[in-house]
Structure formats: C-alpha cells, structure tokens
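K.L.:
Sharing a structure with you now.
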Amino acid sequence: MDYNFREIEKKWREYWIANEVYRVKENPARPKYYVLDMFPYPSGAGLHVGHPLGYIASDIYARYKRLRGFNVLHPMGYDAYGLPAEQYAIQTGQHPAITTVKNINRYREQLDKIGFCFDWDREVRTCDPKYYHWTQWAFQKMFNSYYDNAQGQARPVAELVEHLQKHGTEGLDAACSEEMSFTAEEWNAMGEKQQQETLMNYRIAYLGETMVNWCPQLGTVLANDEVIEGVSARGGYPVVQKKMRQWCLRVSAYAQRLLDGLETVDWTDSLKETQRNWIGRSEGTEVRFRVKDSDLEFTIFTTRADTMFGVTFMVLAPESELVAQVTTEAQRAEVEAYLDRTKKRTERERIADRKVTGVFTGAYAINPFTGDAVPIWVSDYVLAGYGTGAIMAVPAHDSRDYAFAKHFGLPIVPLVEGCDVSEESFDAKEGIVCNSPREGVEPYCSLNLNGLSIKEAIAATKKYVKEHNLGRVKVNYRLRDAIFSRQRYWGEPFPVYYKDGMPYMIDEKKLPLELPEVAKFLPTESGEPPLGHATKWAWDVAKGEVVDNTLIDNTTVFPLELNTMPGFAGSSAYYLRYMDPHNDEALVSKEADAYWQNVDLYVGGTEHATGHLIYSRFWNKFLFDLGISVKEEPFQKLINQGMIQGRSNFVYRIKDTNTFVSLNLKEGYEVTPLHVDVNIVSNDILDIEAFRNWRPEYKDAEFILEDGKYVCGWAVEKMSKSMFNVVNPDVIVEKYGADTLRLYEMFLGPIEQSKPWDTNGIDGVHRFLKKLWALFYGKDGWQVTDGEPTAEELKALHKLIKKVTQDIENFSYNTSISAFMICVNELTSLKCNKRAILEQLIIVLAPFAPHVAEELWHTLGHETTVCDAPWPTYNEDYLKENTAVYAISFNGKVRYNLELPADMPKEEVEQAAIIHENSAKWMAGKSVKKVIVVPKKIVNIVIG
RNA sequence: GCUCGAAUGGUGGAAUCGGUAGACACGAAGGACUUAAAAUCCUUUGGCUAUUGCAGCUGUGCGGGUUCAAGUCCCGCUUCGAGUACCA
C-alpha cells in the first residue's frame, strides 16, 4: 500500500472537525498555554507559500505543548478592516463587506488544507459589530481616562474633574498636551464648553489640533509608522504635513512603561532595540536662556550639559512662537522671507535636499554659564516637535551645529582636551573637558568642569543647574501620540456625537454603533470623509439610537463623527477577545482572563515592530490600569518569522526573434531576459511544451538548448504576480500533500531568517514521508510487529526524541526534520518494524506532520486522536549503548569531546585522553600531574 | 550618518561551552532494476595533488591577534540585509 496523502489528509481533516478535536475550554486542572499568530488581513490575492510559514511554526509549537499536557489556546481570525478593500470598492462599487467576506472564505479554504489546529469556534473578525463593540468601548474608556504621572497609571476623568474643582492645577501631575495652570475658582467659573476643551488636554483619547501626515492621494491622515521615507506605507503616495483637528491617543504618557516593559518580555534583542529607538528616550537637561536687552526667556533641551561653555549661537525652529517675539525690526523682513520659504518645502524635500539654511534674528541670548551674548538664529534643522523647539548650538561637538557654523562663519570652541575640530566636529562622548571656563577668562559662574570626564561634567552641570534654578533635569521621548482618525469608510465608526462643537460619547449600553451604509465610498463634495454621504447618521440621545440626519436639532438629536478608526484599532486587543469571543457583556470575562492571562508565544513578522506591537502594548497597559487585563505585557515570547521572498525564473530571448537561448549559451547573443512562470519550471529546467502553451505569442517559440534542456536563469525578488514567481500553497498541497508542505517550509531554514521560496528540494522531504510510510507498510501490506526492540533501534529512537524535544523548545525545526530523516534511514536499514519504536516515532512526528501521524496512530489501534498522546521522554542510557562521549577538561577549564567505546576501562580512557591528537602536542612539554575520571564522564587533567 | 544583524561547497543550510568544519537535503556524476520511462536502491560529490594502494596539502568574506586548539573569542576592514533618520 502506497502513501496516499490525498486520501489520508482528507479523512483526518474531516475526523478532526467531526470530533471537535481542536475545541478548547478553560480547564483549571491543566496548565494553560496561549499560542498566537498575527491575524492576517485577507487580501484579494489569497495566500502564497510565504504566508503559512509562521502559522506552521506556531502550529507545531501548539501541538507540541498539547502533547506535553498543556491546555493550548491557538485561535485565528481576520484583521478585516483596511484600505485595499475600500480602494477596490471605490474602483468597482463593490461593497467592502462583500469583498472582505469573499476573501475571508478564500483564506479559510486555503488555511484548512494545511492542517492547522486552530479552534475556529473562537474566530474573530475586526469588522464584525460584535467584535468592534469592544474596540469602541475601549475608545470610550480612553476618552474617559487621564494619565496620572504620580500614580503611574490611567485614572477616570471624574477624578481629574474632582481635583480641578478643589485645587485647580495645583498639585496635578498628569500627562497633557500642554502645561496648563489655573486655580479651582477659575475652573469652576468656566462654562461647559471651556471645561470640555480643558479636559481634552488630559484625556487619553483626545481631539487634538496637531500636525498630521496627510496623504492627498489616499485622502486620509496616516500615523507615523504608516509613513516610510515621506511616502505612505500602503501605495507609496507622497505625504505632506498639515495641521488638523484629529482624534489622538496619548501613547506618549506610557513611553516609560513601554520601555520598562521590554525588560520583562522574551523578545529578540533586535526587536527590543527597534522599539527602544522608536520610543527614543533621551535623558538631558533643560536650561533657560535670557534674551539680551529683553524680559524674554526661553528654554532649550540638551543631552550635552557638559558643553555649556562652548555655546556660540542659538537656533530656533521656524515654527517656534519665539521667532516672532525675538526678531529685531532690522531682521524682520529677512526672517519672514525665510519662514515662507521653509513652509513651502515638504518634509520629503527637506530630507532630499540637506542644504544648510538659516537666518539671523538680530537678537542675542545670554549664556548663564559664561555671560556671553550669543546670536539667535532660525533654521529648519531644528524641529519644533522635539524638545522645546530651540537649541543651544555647540559646533565643536555636534556635526549639525558644526555644518551650520562653518556655513555662516560662526565661532567654534573645542571643549575636549586634544580634540581636532578643524575638519569636523568631535561628537564622541569621551575625553577630558577643557576650556570650561576658558583659561585667562574671568569665571562668570562658580562651575568649573575642566579636568572632568564628559560623564562627570554632565552630572556636575545638572547638579549646578538644579541648585541655581537655571532649569531642570528632563527626560524626552521621541514617541508621539498616535493619530487615531482616518477619513475613510471601511473602519470602526467612532461612538461619538457632537454638541456645540464638542464630542460626547454615546451611551456605553448602546454600543456597538454600527457602520452606516453610504452611496459612495469617496469623500463628499465639501471634503468630508465618506461617512458624510450617510443619510442616517445622527444620534438621538433621548432614544439612544441612530436616526436620519434630517432630524438633527442639536438639542436631542446630534450629528455623529464622520471619521473612522485606523487599522491598528481592531488589532490592538484581539488576543484578549479570543479568550472569550462570544461574550456580549464584556470584552473578556474575569474568569477567562484569569485563566489565559496573556499570550505565551506570539508569532509574526517584524514589520509590526513600531506599529501594532507598540499600540497593542499600549492598549493592554491601559486595560491593565483599568483592571480588565491581568497582565501588563500582552506577549511574553515573540518569534519573528522571516519573509519568504520569491525566486523568479528567466528565459533569454534573442533580440528581435522568437528564439530563446539556454542560460549558459547566451554569451555572444544580444538577449532580453524575460520573467517566466515558475510553475512551468522545475529545477531551473523549462517545460518547453508548457511554455509554448503559456502565452499565445510563445506558441511558435524556438529554443537553443544545452544537453537537450533549456536552463533558466534565476533571481531572488519580492513574491508578486508581476514577476510570475508566486507559488500557491494549494498547488503544493495537491501535488505533495499538506504534511510535505509543512515539513518543507520548516526545512527551508531557521524560522527567523528571510529566504527565497524554492520548490527545488521539496522532493527530499516528500521522499522522507514515503520512507516513513514504508516502515509500516511493506510489499505485503501492514508489517508492524510486537517484537522487543534492540539496543540499536532504541538508540535511534531516543536520539531522535532528545533532539526533537530540544529543537522544538528552541524553534529550531529545520534541524529536527534532519533528525527525523536520519532516524528513519537508520530504522530502515535496521529493518525495524516494531510497534514499541514506531509508535513513539509517530508521536514526536505528530506536530510536524499531523495527518500522516494520525493515520498511522489509528492504524496502530488507537481509538483517540494522536493530539492527546503523551510526549515520550528519552532515556540517556539507550544513547550510551555503544560509545560514550567523554568531555575532557584541562585544569577544570578547557574541554573537547572524545568518543570512546562505553565499556572501555577507566585507565584506558585516561590514557586515550592524554594521547588525543590535539592535546598530545601541547602536553608534550608539560608533565601531567593527575587524570581524574569523574562519574559524569568528564575527564579532568591537571597539569603541573 | 547612527543602531542592530549577517557572510560556511554548485544550492538551502548543520556545527551546545572554543575541541575531527560541511550534518541533513537539493542538484550533479556513475551504477543496479526496467523493453523504456517513472518510482526505488547503491556509490561518489568543498578545492588542489595522488589514486589498480594508502594519503597529503588547503579551506568558513578580507587582514591581524589571543589560544595547545578559532566558523565560534578580540581588534581593524569589505560586502550585504533590516530599522531609523537633522531627536540636540
């Protein structure tokens, strides 16, 4: 009987469904384990072989954990809101909901063929009202919360209001958009609208007038992580800066906790580093500078407090309000011309063209450490959005200041002993400080940094600044608040209505607020978002329901918000929803959350490092503050699977002919390389017949062959339709089966590494499954016997169990598949067909190739699924049957391995250790004092 | 520019702590079975020299270093990839 994977795989897929093998319930008697994949956006193109890579990896781990006795939660769902469905709707008029459902069904069909152990009963879709109910709910909670810095957590806005009523801003330490200062009397005297506007300064979800990334082509704003090098991540359209009133999330309030949390999670260092860079903590000092001949003062931020004595000019950002205040009459025209010019330049132009530009304001600032009056300039190399929008320039020790000083002929004062600043600045934070203060100059202040290291000088200056009230020690973050509005249709509607220009939340009990129907998916004529087309999009407060726009009276019926939420809204807390997906009372019940806690293993791509993985952590921390989530970090361990690139094939057409020349014969011809569909190429050999049938224009193609074959060229490129290098998993499953696909994807290399998909080589793992099958079925059919296993057979098996157990724990699946191949080859040559061996082999294979394992498991006479078999433990004794590996150490330190027969007497082992080739030379001139063979077979040689 | 990571045969990739580099697989070459093909099995396969005998030299991007011993550790480069970009 041959290995008939088609029949086997179909049979067990149906069995798993019929018997609900992958349904999982909370069970306090068993330890939990939560394995999660980043849920996919169901695109119209369907899955290619790259997509399941991570799913297979996590599936293997989930199955392994289950075999080890864990109650494993392994769900799957869809990130169903998004731009492509909407763009498609604009082009075709097809409602995004219809496209989305169609795509989801296609995805599901493809996923089902690969044999995943997902509990589909827990599926979530972000566009389902039952799901986005809780996205809207969380948003309302954020609106009704502020961040208390003193307590280090989110608190209800009601507490803030109470504080303001009693004390005003006195004693308030809250995250805010701008520092405010007013008394309780002033607060109480404010009208409703003014109070609401004031509270906006503190809410975690707030409406803010901020500079946003506006993408005209997409007609929407984008978050920072959705913009890459000045163009939109989706579509690659230009993005410009624009001031707009938008919903924002006060992610910045959580910057320090997001940073600290990284210490507690088990992620790769590179991913943690990426997040640290994105959060961009920088510890520095704020120092006040007085403007000469004026009452004005302004504050700068610096991380190099040690360079106070080298300040030779000041620079303001063009957007800074100070520019207008300090500019002298004489310079006003010139400054305004400069501001005009910079305003016109987009960010992209500023990045592309890094010419040094700037203008003198005519004003001078007094350096509080030297008393020097230094000129104040304006330049676009200083950013308004970071720090205070003003800097002190130390050209000797900052390359940007240096370029500026050189360009405008400003003085450069070096402050580090022995540094050379004639060609470039000395930016390194090392060396001994000098010129602080300068020799021969009457000291202006009592601070003297000369002779200190830079580190000491920074500390000394900070201390001085604090003691003399010149400023304060300050921590800045690069992380900005997340812009949360999108001018789009296909997203979660905000549960918000407007009264007197201020937003109000609709009653929590009336959620979800469902997405309305619209006639068109484009912005309205007046430039409002697509929801502006909805005719039934007003909120009746009295009735608590959506009513026709015509009923708006602004007393009981109000207009609803026209923006929708961004993509990351729905994906920020989905892992919590999987714990309790059918709950209509809460995002997740206390019981379910207490049991499942958080995700133990999260598998997905690095592309979400600064988007989803930041937002999700923020969102979860917020829910943690509210007592909804029991764990502060949502994803304990994170594995980033690499991207699968395409491997394109080329044919070479001789110019102006319909003749194609094989790869190694193309020298001497003028050829055009053309992409050819990889599905009609095998091991880089072109299927000529298939090629002729591929395109009508190739029907009469001629070929110049080498050795009777047409050899194609190849290159690694992105997997895409236009390169004809897309490989569909369905095709692989049809030809080789799901188990082969699973094994092959893992065999390609380490999970975390990006690599091109190359179907060459898949025969190797398919052959392995056939060999495995042949252990059970010989020419005469089923051949498993009940004999006692031999030592050699046990050794082969236990070597495998040991290796696979260790490899799975390390996510080193490619090497465990090698181990399987070795084991099966050994058992084949031993002609082993003993149940005791084969049964255990199947169990360890089950996570990798579940279908064939299930088939053989049942044929061995088991009634229940292999998924619940006990994972075998390995016995070291079997492994030491014939040879023993002696670890040899010298003086208890250095070691190497020596393989010797296990029954070799102790004295001979000692002798062998001494005469081992590598060490013999070295020991020739030394006397060996003592050789000790210890029980664990470590030989220690002590040298005199 | 900065940060992080990588570089091993024709190819994908192995190699716990520094201890016989190239496991496993693909591809290739030769052979067995077969009318033939497919499938299956066997042998060889880093390079160079030798080969009806054994073996020898060389070899993990480049140049140094530490060590009895380096793919692995240290210093300096080169190339590639990822992230980030006037963040003071």
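Ligands are numbered from 1 in the order shown, chains are lettered A, B, ... in the order of the structure tokens, and residues start at 1 in each chain.
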Pull the strand (DSSP E) assignments for segment 666-824 of chain A out of DSSP run on the backbone, and list those residues as a PyMOL selection string.
P.N.:
chain A and resi 671-676+681-682+685-686+702-704+713-717+755-756+777-778+781-782
K.L.:
Next, the residues of the selection above should be written as an mmCIF file, in the first residue's frame with N, CA, C and O atoms.
P.N.:
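What follows is the written file selection07.cif:
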```
data_model
loop_
_atom_site.group_PDB
_atom_site.id
_atom_site.type_symbol
_atom_site.label_atom_id
_atom_site.label_comp_id
_atom_site.auth_asym_id
_atom_site.auth_seq_id
_atom_site.Cartn_x
_atom_site.Cartn_y
_atom_site.Cartn_z
ATOM 1 N N VAL A 671 20.544 39.418 -25.794
ATOM 2 C CA VAL A 671 19.311 38.791 -25.295
ATOM 3 C C VAL A 671 18.552 39.714 -24.353
ATOM 4 O O VAL A 671 19.118 40.601 -23.732
ATOM 5 N N THR A 672 17.247 39.488 -24.272
ATOM 6 C CA THR A 672 16.394 40.183 -23.316
ATOM 7 C C THR A 672 15.928 39.140 -22.303
ATOM 8 O O THR A 672 15.304 38.157 -22.695
ATOM 9 N N PRO A 673 16.245 39.315 -21.020
ATOM 10 C CA PRO A 673 15.720 38.358 -20.040
ATOM 11 C C PRO A 673 14.239 38.642 -19.792
ATOM 12 O O PRO A 673 13.836 39.787 -19.639
ATOM 13 N N LEU A 674 13.447 37.590 -19.801
ATOM 14 C CA LEU A 674 12.005 37.743 -19.554
ATOM 15 C C LEU A 674 11.604 36.836 -18.404
ATOM 16 O O LEU A 674 12.054 35.694 -18.309
ATOM 17 N N HIS A 675 10.756 37.356 -17.519
ATOM 18 C CA HIS A 675 10.244 36.518 -16.434
ATOM 19 C C HIS A 675 9.410 35.382 -17.031
ATOM 20 O O HIS A 675 8.665 35.589 -17.975
ATOM 21 N N VAL A 676 9.571 34.213 -16.439
ATOM 22 C CA VAL A 676 8.764 33.095 -16.883
ATOM 23 C C VAL A 676 8.100 32.501 -15.641
ATOM 24 O O VAL A 676 8.669 32.532 -14.549
ATOM 25 N N VAL A 681 8.534 25.699 -14.529
ATOM 26 C CA VAL A 681 9.969 25.461 -14.484
ATOM 27 C C VAL A 681 10.225 24.514 -13.324
ATOM 28 O O VAL A 681 9.646 24.664 -12.254
ATOM 29 N N SER A 682 11.063 23.512 -13.561
ATOM 30 C CA SER A 682 11.372 22.583 -12.488
ATOM 31 C C SER A 682 12.873 22.439 -12.384
ATOM 32 O O SER A 682 13.531 22.109 -13.378
ATOM 33 N N ILE A 685 14.865 23.932 -15.028
ATOM 34 C CA ILE A 685 14.707 23.421 -16.386
ATOM 35 C C ILE A 685 13.297 23.781 -16.855
ATOM 36 O O ILE A 685 12.305 23.480 -16.187
ATOM 37 N N LEU A 686 13.239 24.435 -18.011
ATOM 38 C CA LEU A 686 11.952 24.890 -18.533
ATOM 39 C C LEU A 686 11.181 23.731 -19.159
ATOM 40 O O LEU A 686 11.743 22.917 -19.892
ATOM 41 N N GLU A 702 11.165 29.129 -30.626
ATOM 42 C CA GLU A 702 12.269 28.212 -30.921
ATOM 43 C C GLU A 702 13.252 28.254 -29.764
ATOM 44 O O GLU A 702 13.330 29.266 -29.057
ATOM 45 N N PHE A 703 14.018 27.175 -29.592
ATOM 46 C CA PHE A 703 14.936 27.132 -28.458
ATOM 47 C C PHE A 703 16.325 26.693 -28.879
ATOM 48 O O PHE A 703 16.475 25.845 -29.753
ATOM 49 N N ILE A 704 17.327 27.298 -28.241
ATOM 50 C CA ILE A 704 18.698 26.803 -28.381
ATOM 51 C C ILE A 704 19.001 26.120 -27.059
ATOM 52 O O ILE A 704 19.057 26.756 -26.001
ATOM 53 N N GLY A 713 17.591 31.146 -16.041
ATOM 54 C CA GLY A 713 18.282 31.917 -15.014
ATOM 55 C C GLY A 713 17.346 32.157 -13.837
ATOM 56 O O GLY A 713 16.152 31.882 -13.939
ATOM 57 N N TRP A 714 17.883 32.638 -12.740
ATOM 58 C CA TRP A 714 17.008 32.910 -11.603
ATOM 59 C C TRP A 714 17.504 34.099 -10.781
ATOM 60 O O TRP A 714 18.670 34.482 -10.864
ATOM 61 N N ALA A 715 16.619 34.651 -10.002
ATOM 62 C CA ALA A 715 16.958 35.777 -9.132
ATOM 63 C C ALA A 715 15.968 35.799 -7.975
ATOM 64 O O ALA A 715 14.852 35.292 -8.098
ATOM 65 N N VAL A 716 16.413 36.358 -6.856
ATOM 66 C CA VAL A 716 15.527 36.497 -5.698
ATOM 67 C C VAL A 716 14.861 37.856 -5.756
ATOM 68 O O VAL A 716 15.532 38.881 -5.827
ATOM 69 N N GLU A 717 13.541 37.852 -5.760
ATOM 70 C CA GLU A 717 12.786 39.100 -5.812
ATOM 71 C C GLU A 717 11.603 38.970 -4.876
ATOM 72 O O GLU A 717 11.366 37.918 -4.305
ATOM 73 N N LYS A 755 14.139 34.135 3.477
ATOM 74 C CA LYS A 755 14.743 33.302 2.439
ATOM 75 C C LYS A 755 13.811 33.177 1.247
ATOM 76 O O LYS A 755 12.604 33.323 1.389
ATOM 77 N N PRO A 756 14.379 32.923 0.091
ATOM 78 C CA PRO A 756 13.515 32.773 -1.068
ATOM 79 C C PRO A 756 12.840 31.408 -1.066
ATOM 80 O O PRO A 756 13.416 30.432 -0.580
ATOM 81 N N TYR A 777 4.305 -0.090 6.138
ATOM 82 C CA TYR A 777 3.713 -0.883 5.067
ATOM 83 C C TYR A 777 4.801 -1.400 4.138
ATOM 84 O O TYR A 777 5.506 -0.610 3.514
ATOM 85 N N GLY A 778 4.935 -2.712 4.066
ATOM 86 C CA GLY A 778 5.872 -3.300 3.106
ATOM 87 C C GLY A 778 5.128 -3.723 1.861
ATOM 88 O O GLY A 778 3.982 -3.305 1.636
ATOM 89 N N GLY A 781 1.898 -5.334 2.662
ATOM 90 C CA GLY A 781 0.954 -4.594 3.495
ATOM 91 C C GLY A 781 1.497 -4.317 4.888
ATOM 92 O O GLY A 781 2.705 -4.296 5.113
ATOM 93 N N TRP A 782 0.589 -4.118 5.811
ATOM 94 C CA TRP A 782 0.918 -3.747 7.197
ATOM 95 C C TRP A 782 1.920 -4.724 7.778
ATOM 96 O O TRP A 782 1.731 -5.933 7.720
#
```
K.L.:
Dump as a VMD selection string the residues of chain B that approach chain A to within 6 Å, counting only C-alpha atoms (C1' of nucleotides).
P.N.:
chain B and resid 4 19 24 26 68 86 88
K.L.:
Take the selection from the previous step and output its residues with C-alpha atoms (C1' of nucleotides), as a PDB file, in the first residue's frame.
P.N.:
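Output below, filename again35.pdb:
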```pdb
ATOM      1  C1'   C B   4      21.255  46.049  15.034  1.00  0.00           C
ATOM      2  C1'   G B  19      37.545  20.773  20.606  1.00  0.00           C
ATOM      3  C1'   C B  24      20.556  16.701   6.645  1.00  0.00           C
ATOM      4  C1'   C B  26      18.688  19.522  -3.120  1.00  0.00           C
ATOM      5  C1'   C B  68      47.769  23.517  22.732  1.00  0.00           C
ATOM      6  C1'   C B  86      18.512  66.711  11.020  1.00  0.00           C
ATOM      7  C1'   A B  88      20.161  68.495  20.052  1.00  0.00           C
TER       8        A B  88
END
```
K.L.:
Excluding His397 of chain A and any residue of its chain fewer than 2 positions from it, enumerate the residues within 9 Å of it, using only C-alpha atoms (C1' of nucleotides), and give them as a list of chain:residue names.
P.N.:
A:Thr307, A:Gly310, A:Ala393, A:Val394, A:Pro395, A:Ser399, A:Asp401, A:Tyr402, A:Val413, A:Pro414, A:Leu415, A:Val416, A:Val421, A:Glu424, A:Ser425, A:Phe426, A:Asp427, A:Ala428, A:Lys429
K.L.:
Could you give me, as a short mmCIF file (atom, residue, chain, number, x, y, z; two decimals) with N, CA, C and O atoms, in the first residue's frame, the residues within 8 Å of Glu752 of chain A, counting only C-alpha atoms (C1' of nucleotides) and dropping anything in the same chain fewer than 3 positions from it?
P.N.:
```cif
data_model
loop_
_atom_site.label_atom_id
_atom_site.label_comp_id
_atom_site.auth_asym_id
_atom_site.auth_seq_id
_atom_site.Cartn_x
_atom_site.Cartn_y
_atom_site.Cartn_z
N ILE A 639 8.29 35.49 18.45
CA ILE A 639 9.18 34.96 17.41
C ILE A 639 8.82 35.68 16.11
O ILE A 639 7.65 35.74 15.74
N ASN A 640 9.82 36.21 15.45
CA ASN A 640 9.59 36.86 14.16
C ASN A 640 9.96 35.90 13.05
O ASN A 640 11.13 35.59 12.89
N GLN A 641 8.97 35.45 12.31
CA GLN A 641 9.34 34.61 11.19
C GLN A 641 9.85 35.50 10.07
O GLN A 641 9.43 36.64 9.92
N GLY A 642 10.81 34.99 9.31
CA GLY A 642 11.35 35.76 8.20
C GLY A 642 10.36 35.84 7.05
O GLY A 642 9.36 35.14 7.04
#
```
K.L.:
What's the separation between atom C1' of G1 of chain B and atom CA of Leu222 of chain A, in Å to one decimal place?
P.N.:
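Atom-to-atom, atom C1' of G1 of chain B to atom CA of Leu222 of chain A, that is 26.8 Å.
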K.L.:
Just the number, please: distance in Å from atom CA of Gln110 of chain A to atom CA of Gly46 of chain A, one decimal.
P.N.:
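If I compute the distance from atom CA of Gln110 of chain A to atom CA of Gly46 of chain A, I get 8.1 Å.
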K.L.:
Write down as a PyMOL selection string the residues of segment 493-543 of chain A whose backbone DSSP state falls under helix (DSSP H, G or I).
P.N.:
chain A and resi 508-510+530-533
